[in-house]
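Participant: First the structure, then my questions, so here it is.
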Amino acid sequence: MNRNLMKEVKEALNNKRQVANLVNALTRMRDRRREAVARFAFKDFAELKEIRRRNRLDVRRNIEKLREAVENSGGFFFLADSPEDACRYIADVVARSSAKLVVKSKSMTSEEIGLNSYLESIGVEVVETDLGERIIQLAGERPSHILAPAVHRDAASIAGLMAENLEPSPKAITRYVREDLRRFFLNADVGISGANVISAEDATVAIVTNEGNERLVSSIPRVYICVAGVEKLVPSMRDALALLRMLVPSATGQVISSYVTFISPRSEGFGRTREFHLVLVDNGRLKALDGLLAETLECIRCSACFNVCPTYRVLGGHVFGHIYTGPIGLPWTAVTHGLEKAYEFSSLCISCGLCKVECPVDIDIPFMISVIKERGNGMYGEAAPLLLRNYDKLIEIGAKMPRLSNLILNSKLGRYVIEKLAGIDSRRKIPPLASENLYSLSRRMGQRIRNPIRKAALFTDYLLMYMFPEIAMAAVKVLNRMGVYCVVPKQGSSGMPLIQYGYLKKASKTARYNISRLLPFVREGYDIVCLEPTAWYCLKEVYPRIVEEKEEAEAVAESSFTFSEYLLLHGFNEPSSGDGLKLAYHWPCHARERNVVKPKSVELLERLGHEVMLADVGCCGMAGTWGMRNGYKGYETSVTIGKTLIESLEKTKAQFFITDSTVCYLQIRELADPRKTLHLYQLLDKPF
């Protein structure tokens, strides 16, 4: 492990200007993308998912089809097993051409193989012609983002790189770069580009840009080289066009980009006065096809996951990444540069799951990152201290002696010991253990429902079970008023922290235990109502992937509902208690679903006559125990993320801030006015 990640995170968070640049730029990119994607039918994205899945299964056959198509058209084809193989082949082509100047269009695959430095080491000048790539080349940096390499910089810092006294405006910078690059285009001996997609049937390379530089790179120099990973292959032009149709809206928020360029070895000039070379890079991809990281190869490089990743949005790609950055950059790094390089920054993923919700091809990025953490734990360190890994046992023990436990939690010595042994930051407010847990409260309550319309088994997670049972009981009262009879089965924690830190074997034991406790109720006709979004997420998304008992896990998953979903499904329609309130709602990460744009909890609150504003900045940054962790790789980053949410909530001028995740409730209550912070169940149970 060569990186001092704590130092890198500290420096990034202290660079307030960069944090603001990233948050503002990525929020704009997210919003533009969502507006564009909303114009398309969701079935189109389902088709795209099927194209990528089919391509992943057929990639080896497509490689041979492509080789034949290139060579039959007079071009040159090379399959590179490693970065060194690719660089040597390209350097040999450049040397045979007696080239001294190479112009490049943006290519992350060329970054992956270290092509620029390799060519420069043999005396070849390499000039990046994409505006963002040119900026970072002049700055001596690597890309911070696969789509917008200089997203972390503002106009003032960019202008300073270009020339003295250059006006720090996008228009002036673009004009300067256009004029400066012209001489390189006209004098280059070799042009190199990447590819957005390649049709195996006819070797057509398709590239989308908004600058047009790829057309000059591919058409003016005598030698043209395309370098791309094997995942860019699709069987036919029909598939290629379908992919491009979905890629552009998902990447840039446009219906179509300014330039869509198709390059083929059969194009005029190639084979006579010009050369066409297609270098396809394996570098671990084909091996990954047979393992748990295989979904990585379905990625279309749209970068939608970057826009919503809470830690990437404040840290940027130079911290959250190696060569490939952002959420999908973790599995890409593991595939192309090895497990150790990926594990080095994997702790920055907080398993919020927003990347999967945003991904147009529904790649389960969070699960693959958990797999990376699991493989790296022990080998390169541990993702969490021993006591934090056994948080559930600690809470269970503490709940047996709540008064003594709370005394320890509130003492300076106790907090010091907890920080040293469990890694929980002493500045984080830990809620006290309740004098009575949910099991005993629910048994004492007594439910007088003569003819229940439904029966529900509650799955709660440990915050509601042992620290906020009164909030859970508020939910029970609401369900009772609807005519739903409730039980609280014996259960474990959701296991999300274990999944989050990559302890999947232990998490699978927790999952099996919970499934075994809930399944009998499902078979007796009970619905499973999850009072925590994370509990629902684990039952629906994670448990079926980590247990061998797939049928049992799926049976429980199919019968599981969020609280708000359940109320709406069964006709909750209580009259509003007085005048409607002005509320600002935070949408918990694990309550979100693909293709759902309006939270069910907002719909529920609106039915009650409240005015509800959605403060949708993404994750609150708490992420369970992750936001409690000591220092810059936990608490400090968590608070930085959380403050962007609080700013959004406060701008609404709402009377109350509302959420239905107890973890999010803790974060908002700590960073905002606690008197204005309410849990959804509290609001539903009594007027304010």
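By convention in this document, the chains of the structure tokens carry letters A, B, ... by their order, each chain's residues are numbered from 1, and ligands are numbered from 1 in the order they are shown.
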How close does each residue of range 571-617 of chain A get to range 656-676 of chain A, giving the shortest atom pair and distance in Å to one decimal for every residue with an atom at most 9 Å away, counting only C-alpha atoms, sorted by chain and residue number, as a Markdown table?

Facilitator:
| residue | atom | partner | partner_atom | distance |
| --- | --- | --- | --- | --- |
| A:Leu581 | CA | A:Phe656 | CA | 8.0 |
| A:Lys582 | CA | A:Phe656 | CA | 7.0 |
| A:Leu583 | CA | A:Phe656 | CA | 5.2 |
| A:Ala584 | CA | A:Phe657 | CA | 4.9 |
| A:Tyr585 | CA | A:Ile658 | CA | 4.8 |
| A:His586 | CA | A:Thr659 | CA | 5.2 |
| A:Trp587 | CA | A:Thr659 | CA | 6.6 |
| A:Pro588 | CA | A:Ser661 | CA | 6.1 |
| A:His590 | CA | A:Ser661 | CA | 8.8 |
| A:Ala591 | CA | A:Ser661 | CA | 8.6 |
| A:Ser601 | CA | A:Asp660 | CA | 7.9 |

Participant: Using DSSP on the backbone coordinates, identify all residues within range 1-211 of chain A classified as strand (DSSP E or B); present the result as a VMD selection string.

Facilitator: chain A and resid 76 to 80 101 to 104 125 to 128 190 to 193 197 to 199 204 to 209

Participant: List every residue of range 257-370 of chain A that has an atom at most 12 Å from any atom of range 382-404 of chain A, and for each one report the closest atom pair and its distance in Å to one decimal, counting only C-alpha atoms, with rows sorted by chain and then by increasing residue number, as JSON lines.

Facilitator:
{"residue": "A:Tyr343", "atom": "CA", "partner": "A:Ala383", "partner_atom": "CA", "distance": 9.3}
{"residue": "A:Glu344", "atom": "CA", "partner": "A:Ala383", "partner_atom": "CA", "distance": 10.3}
{"residue": "A:Phe345", "atom": "CA", "partner": "A:Ala383", "partner_atom": "CA", "distance": 10.7}
{"residue": "A:Ser346", "atom": "CA", "partner": "A:Ala383", "partner_atom": "CA", "distance": 8.8}
{"residue": "A:Ser347", "atom": "CA", "partner": "A:Ala383", "partner_atom": "CA", "distance": 6.7}
{"residue": "A:Leu348", "atom": "CA", "partner": "A:Ala383", "partner_atom": "CA", "distance": 10.3}
{"residue": "A:Cys349", "atom": "CA", "partner": "A:Ala383", "partner_atom": "CA", "distance": 11.1}
{"residue": "A:Ile350", "atom": "CA", "partner": "A:Ala383", "partner_atom": "CA", "distance": 11.5}
{"residue": "A:Ser370", "atom": "CA", "partner": "A:Ala383", "partner_atom": "CA", "distance": 10.4}

Participant: For range 50-62 of chain A, list every protein, DNA or RNA residue within 7 Å, evaluated using only C-alpha atoms, and leave out those in the same chain fewer than 5 positions away; present the list as a list in words.

Facilitator: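 The residues satisfying every condition are Ala200, Leu233, Val234, Pro235, Asp239, Leu297 and Glu298 of chain A.
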
Participant: Applying 8 Å and only C-alpha atoms, which residues near range 174-190 of chain A remain after dropping the ones on its own chain fewer than 4 positions away? List them as a VMD selection string.

Facilitator: chain A and resid 94 97 99 to 103 127 129 131 162 170 216 to 217 220 to 225

Participant: Just write the chosen residues, N, CA and C atoms, as a tab-separated table (two decimals), in the first residue's frame.

Facilitator:
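So part_33.tsv came out as:
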chain	number	residue	atom	x	y	z
A	94	VAL	N	4.64	3.98	-34.74
A	94	VAL	CA	5.10	5.37	-34.76
A	94	VAL	C	6.53	5.45	-35.29
A	97	SER	N	6.86	4.98	-38.96
A	97	SER	CA	6.34	6.14	-39.68
A	97	SER	C	7.27	7.34	-39.58
A	99	ALA	N	7.67	9.19	-37.15
A	99	ALA	CA	6.86	10.26	-36.57
A	99	ALA	C	7.57	10.91	-35.38
A	100	LYS	N	7.45	12.21	-35.31
A	100	LYS	CA	7.97	12.98	-34.19
A	100	LYS	C	6.85	13.66	-33.40
A	101	LEU	N	5.66	13.74	-34.01
A	101	LEU	CA	4.53	14.41	-33.38
A	101	LEU	C	3.28	13.54	-33.50
A	102	VAL	N	2.64	13.28	-32.36
A	102	VAL	CA	1.40	12.51	-32.31
A	102	VAL	C	0.31	13.37	-31.69
A	103	VAL	N	-0.84	13.43	-32.35
A	103	VAL	CA	-1.99	14.11	-31.76
A	103	VAL	C	-3.00	13.06	-31.31
A	127	VAL	N	0.53	15.35	-28.10
A	127	VAL	CA	-0.32	16.50	-27.77
A	127	VAL	C	-1.77	16.04	-27.66
A	129	THR	N	-5.65	16.75	-27.66
A	129	THR	CA	-6.43	17.76	-28.38
A	129	THR	C	-7.83	17.96	-27.82
A	131	LEU	N	-10.16	19.38	-25.04
A	131	LEU	CA	-9.91	20.54	-24.18
A	131	LEU	C	-9.58	20.13	-22.75
A	162	MET	N	-2.80	28.24	-19.37
A	162	MET	CA	-2.72	28.44	-20.82
A	162	MET	C	-1.73	29.52	-21.22
A	170	PRO	N	-14.80	30.72	-20.15
A	170	PRO	CA	-14.82	29.55	-21.04
A	170	PRO	C	-14.63	29.93	-22.51
A	216	LEU	N	-10.30	15.57	-36.79
A	216	LEU	CA	-9.00	16.03	-37.28
A	216	LEU	C	-7.91	15.00	-36.95
A	217	VAL	N	-8.00	14.41	-35.74
A	217	VAL	CA	-7.03	13.40	-35.34
A	217	VAL	C	-7.07	12.18	-36.26
A	220	ILE	N	-6.47	13.78	-40.70
A	220	ILE	CA	-5.32	14.52	-41.27
A	220	ILE	C	-4.02	13.71	-41.27
A	221	PRO	N	-3.60	13.13	-40.14
A	221	PRO	CA	-2.33	12.38	-40.15
A	221	PRO	C	-2.37	11.17	-41.09
A	222	ARG	N	-1.20	10.79	-41.58
A	222	ARG	CA	-1.12	9.67	-42.52
A	222	ARG	C	-1.43	8.34	-41.84
A	223	VAL	N	-1.12	8.26	-40.55
A	223	VAL	CA	-1.35	7.03	-39.79
A	223	VAL	C	-2.38	7.29	-38.70
A	224	TYR	N	-3.41	6.46	-38.67
A	224	TYR	CA	-4.42	6.57	-37.63
A	224	TYR	C	-4.43	5.29	-36.81
A	225	ILE	N	-4.44	5.45	-35.46
A	225	ILE	CA	-4.47	4.31	-34.54
A	225	ILE	C	-5.64	4.48	-33.58

Participant: Check the smallest atom-to-atom distance from each of A:Ala472, A:Lys505, A:Phe270, A:Lys356 to Val371 in chain A using only C-alpha atoms, then report the winner.

Facilitator: A:Lys505

Participant: Report as a ChimeraX atom specification all protein, DNA and RNA residues lying within 6 Å of range 438-442 of chain A, evaluated on only C-alpha atoms, omitting residues in the same chain fewer than 3 positions from it.

Facilitator: /A:445,465,469

Participant: Could you please take those selected residues and save N, CA and C atoms as a PDB file, in the first residue's frame?

Facilitator:
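Contents of out08.pdb, freshly written:
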ATOM      1  N   MET A 445     -47.550  -3.029  24.556  1.00  0.00           N
ATOM      2  CA  MET A 445     -48.515  -2.117  23.945  1.00  0.00           C
ATOM      3  C   MET A 445     -49.913  -2.731  23.868  1.00  0.00           C
ATOM      4  N   MET A 465     -34.479  -0.540  16.945  1.00  0.00           N
ATOM      5  CA  MET A 465     -34.730  -1.612  17.912  1.00  0.00           C
ATOM      6  C   MET A 465     -34.254  -1.229  19.319  1.00  0.00           C
ATOM      7  N   PRO A 469     -36.710   3.119  19.907  1.00  0.00           N
ATOM      8  CA  PRO A 469     -37.894   2.264  19.794  1.00  0.00           C
ATOM      9  C   PRO A 469     -39.192   3.066  19.776  1.00  0.00           C
TER      10      PRO A 469
END
